[in-house]
Amino acid sequence: MFGSFDISSSGMTAQRIRMDIIADNIANVNTTRTENGGTYRRKLPVFQEKETTPFKELLNAKLGKSSSNEGVKVTSITEDPSPFKMIYNPGHPDANEEGYVAMPNVDITSEMVDMISASRAYEANVTVLNTSKNMALKALEIGRG
Amino acid sequence: MLTYKNITPGGVVVSNNINLISQGLDGALNRHKMLSNNIANVDTPNYKRKDVDFITALRNQFGQKSSLSLATTDNNHIVGSKKANKSFESPFLKNTSYRNDKNNVDIDVEMGEVAKNGIYYNTLSRQINTQFIILKDVINKGGRQ
């Protein structure tokens, strides 16, 4: 009964992490100095289908049921390896000998598009969660009338 | 003479309606879980949507005129038409791709299916409620002259 609740909330968690990363990318669109030194690199979340817990898998096997995957998880946060944008700005403290500054490989437009996509996917998960909730409440009404 | 074994949870009064509807509820819940998983994985690369066609499975099981099995003493006797419980098939659509990331979840289709499945579940839950009301009426009013 509550399996679908967990699935939808895993989807919401994943989209929220994605949104956090997009916010980080947009906030650092002009950052030329990071902890590792060098220019900020655009970050990307990697989504993967979440497998059942070993306990559940064993339990289902003992009960003769097949266990399916449940929800989504963020396996890692990777950096975009694409080249930095070279901007001519000789006055900048991080400019090289020719006067070019390596600016982050963050594209505001694509970040915005990703943001809308994350927001819509989050909403879709919320809608499913609400449907699950209504179904559970309807099931509680059985036998009351 | 009815033996205990032949009485379904619905009892003699409402035949096996309650049994049938509760199987439908289980199927709808199972399907909802799969649809939630599809929506949670809307942005997972290489994910393929999962679905289950339980209505056809139910129809195959209950579609026959007689749902009782018959004992036979001769090879020429006609056997009862009830089939063994068939577990729900879950067709995995592996071949198609909806996007470049080899994911084939179409969010609009999934949301539509979630809405349909939720309404279906609510309808069944109302139906099973009615069955219980009928049963209650029989119990309460059956003895009166």
# chains A, B, ... in the order shown; residues from 1 in each chain; ligands from 1
>>> select_by_dssp(residues="chain A", states="helix (DSSP H, G or I)", output="MDAnalysis selection string")
chainID A and resid 3:27 54:62 108:141
>>> closest_atom_pairs(of="chain B", to="chain A", cutoff="10 Å", atoms="only C-alpha atoms", output="JSON lines")
{"residue": "B:Leu25", "atom": "CA", "partner": "A:Ala139", "partner_atom": "CA", "distance": 8.9}
{"residue": "B:Asp26", "atom": "CA", "partner": "A:Met1", "partner_atom": "CA", "distance": 9.3}
{"residue": "B:Ala28", "atom": "CA", "partner": "A:Met135", "partner_atom": "CA", "distance": 9.7}
{"residue": "B:Leu29", "atom": "CA", "partner": "A:Met1", "partner_atom": "CA", "distance": 7.1}
{"residue": "B:Asn30", "atom": "CA", "partner": "A:Met1", "partner_atom": "CA", "distance": 8.6}
{"residue": "B:Arg31", "atom": "CA", "partner": "A:Ser4", "partner_atom": "CA", "distance": 9.7}
{"residue": "B:His32", "atom": "CA", "partner": "A:Ser4", "partner_atom": "CA", "distance": 7.0}
{"residue": "B:Lys33", "atom": "CA", "partner": "A:Ser4", "partner_atom": "CA", "distance": 4.7}
{"residue": "B:Met34", "atom": "CA", "partner": "A:Ser4", "partner_atom": "CA", "distance": 7.9}
{"residue": "B:Leu35", "atom": "CA", "partner": "A:Val128", "partner_atom": "CA", "distance": 8.6}
{"residue": "B:Ser36", "atom": "CA", "partner": "A:Ser8", "partner_atom": "CA", "distance": 5.9}
{"residue": "B:Asn37", "atom": "CA", "partner": "A:Gly71", "partner_atom": "CA", "distance": 5.1}
{"residue": "B:Asn38", "atom": "CA", "partner": "A:Gly71", "partner_atom": "CA", "distance": 8.0}
{"residue": "B:Ile39", "atom": "CA", "partner": "A:Asn125", "partner_atom": "CA", "distance": 6.5}
{"residue": "B:Ala40", "atom": "CA", "partner": "A:Gly11", "partner_atom": "CA", "distance": 4.2}
{"residue": "B:Asn41", "atom": "CA", "partner": "A:Val72", "partner_atom": "CA", "distance": 5.7}
{"residue": "B:Val42", "atom": "CA", "partner": "A:Ala121", "partner_atom": "CA", "distance": 7.3}
{"residue": "B:Asp43", "atom": "CA", "partner": "A:Phe47", "partner_atom": "CA", "distance": 7.1}
{"residue": "B:Thr44", "atom": "CA", "partner": "A:Phe47", "partner_atom": "CA", "distance": 5.1}
{"residue": "B:Pro45", "atom": "CA", "partner": "A:Phe47", "partner_atom": "CA", "distance": 7.1}
{"residue": "B:Asn46", "atom": "CA", "partner": "A:Gln48", "partner_atom": "CA", "distance": 8.9}
{"residue": "B:Tyr47", "atom": "CA", "partner": "A:Glu49", "partner_atom": "CA", "distance": 7.3}
{"residue": "B:Ile107", "atom": "CA", "partner": "A:Ala124", "partner_atom": "CA", "distance": 8.0}
{"residue": "B:Asp108", "atom": "CA", "partner": "A:Ala124", "partner_atom": "CA", "distance": 9.4}
{"residue": "B:Glu110", "atom": "CA", "partner": "A:Ala124", "partner_atom": "CA", "distance": 9.3}
{"residue": "B:Met111", "atom": "CA", "partner": "A:Ala124", "partner_atom": "CA", "distance": 7.3}
{"residue": "B:Val114", "atom": "CA", "partner": "A:Val128", "partner_atom": "CA", "distance": 6.9}
{"residue": "B:Ala115", "atom": "CA", "partner": "A:Thr131", "partner_atom": "CA", "distance": 7.5}
{"residue": "B:Asn117", "atom": "CA", "partner": "A:Thr131", "partner_atom": "CA", "distance": 9.2}
{"residue": "B:Gly118", "atom": "CA", "partner": "A:Thr131", "partner_atom": "CA", "distance": 6.2}
{"residue": "B:Ile119", "atom": "CA", "partner": "A:Met135", "partner_atom": "CA", "distance": 8.7}
{"residue": "B:Tyr120", "atom": "CA", "partner": "A:Met135", "partner_atom": "CA", "distance": 9.8}
{"residue": "B:Tyr121", "atom": "CA", "partner": "A:Met135", "partner_atom": "CA", "distance": 6.8}
{"residue": "B:Asn122", "atom": "CA", "partner": "A:Lys138", "partner_atom": "CA", "distance": 6.3}
{"residue": "B:Thr123", "atom": "CA", "partner": "A:Lys138", "partner_atom": "CA", "distance": 9.5}
{"residue": "B:Leu124", "atom": "CA", "partner": "A:Ala139", "partner_atom": "CA", "distance": 9.7}
{"residue": "B:Ser125", "atom": "CA", "partner": "A:Ile142", "partner_atom": "CA", "distance": 6.4}
{"residue": "B:Arg126", "atom": "CA", "partner": "A:Ile142", "partner_atom": "CA", "distance": 7.4}
{"residue": "B:Gln127", "atom": "CA", "partner": "A:Ile142", "partner_atom": "CA", "distance": 9.2}
{"residue": "B:Ile128", "atom": "CA", "partner": "A:Ile142", "partner_atom": "CA", "distance": 7.0}
{"residue": "B:Asn129", "atom": "CA", "partner": "A:Ile142", "partner_atom": "CA", "distance": 5.3}
{"residue": "B:Thr130", "atom": "CA", "partner": "A:Gly145", "partner_atom": "CA", "distance": 8.0}
{"residue": "B:Gln131", "atom": "CA", "partner": "A:Gly143", "partner_atom": "CA", "distance": 9.1}
{"residue": "B:Phe132", "atom": "CA", "partner": "A:Gly143", "partner_atom": "CA", "distance": 6.3}
{"residue": "B:Ile133", "atom": "CA", "partner": "A:Gly145", "partner_atom": "CA", "distance": 6.9}
{"residue": "B:Lys136", "atom": "CA", "partner": "A:Gly143", "partner_atom": "CA", "distance": 9.8}
>>> atom_distance(atom1="atom CA of Glu51 of chain A", atom2="atom CA of Val105 of chain B")
18.3 Å
>>> atom_distance(atom1="atom CA of Phe84 of chain A", atom2="atom CA of Thr34 of chain A")
14.0 Å
>>> select_by_dssp(residues="chain A", states="strand (DSSP E or B)", output="PyMOL selection string")
chain A and resi 43-49+72-79+85-88+100-103
>>> residues_around(residues="Met86 of chain A", least_positions_apart="4", cutoff="10 Å", atoms="only C-alpha atoms", output="ChimeraX atom specification")
/A:95,99-105
>>> residues_around(residues="Arg41 of chain A", least_positions_apart="5", cutoff="10 Å", atoms="only C-alpha atoms", output="ChimeraX atom specification")
/A:25,28-29,31-32,34,78-84,103-106
>>> write_last_selection(atoms="C-alpha atoms", output="PDB file, in the first residue's frame")
ATOM      1  CA  ASN A  25      25.211  26.421 -11.185  1.00  0.00           C
ATOM      2  CA  ASN A  28      28.268  30.393  -9.726  1.00  0.00           C
ATOM      3  CA  VAL A  29      27.818  31.553 -13.292  1.00  0.00           C
ATOM      4  CA  THR A  31      32.862  32.238 -10.339  1.00  0.00           C
ATOM      5  CA  THR A  32      36.501  31.958 -11.381  1.00  0.00           C
ATOM      6  CA  THR A  34      36.852  27.530  -6.345  1.00  0.00           C
ATOM      7  CA  THR A  78      29.478  14.856 -11.796  1.00  0.00           C
ATOM      8  CA  GLU A  79      31.160  17.836 -13.396  1.00  0.00           C
ATOM      9  CA  ASP A  80      30.557  18.840 -16.980  1.00  0.00           C
ATOM     10  CA  PRO A  81      33.876  18.278 -18.825  1.00  0.00           C
ATOM     11  CA  SER A  82      33.084  20.720 -21.641  1.00  0.00           C
ATOM     12  CA  PRO A  83      35.632  23.570 -22.149  1.00  0.00           C
ATOM     13  CA  PHE A  84      35.415  26.879 -20.302  1.00  0.00           C
ATOM     14  CA  MET A 103      34.674  31.649 -17.322  1.00  0.00           C
ATOM     15  CA  PRO A 104      32.492  28.761 -16.046  1.00  0.00           C
ATOM     16  CA  ASN A 105      30.907  26.467 -18.655  1.00  0.00           C
ATOM     17  CA  VAL A 106      27.456  27.291 -17.261  1.00  0.00           C
TER      18      VAL A 106
END
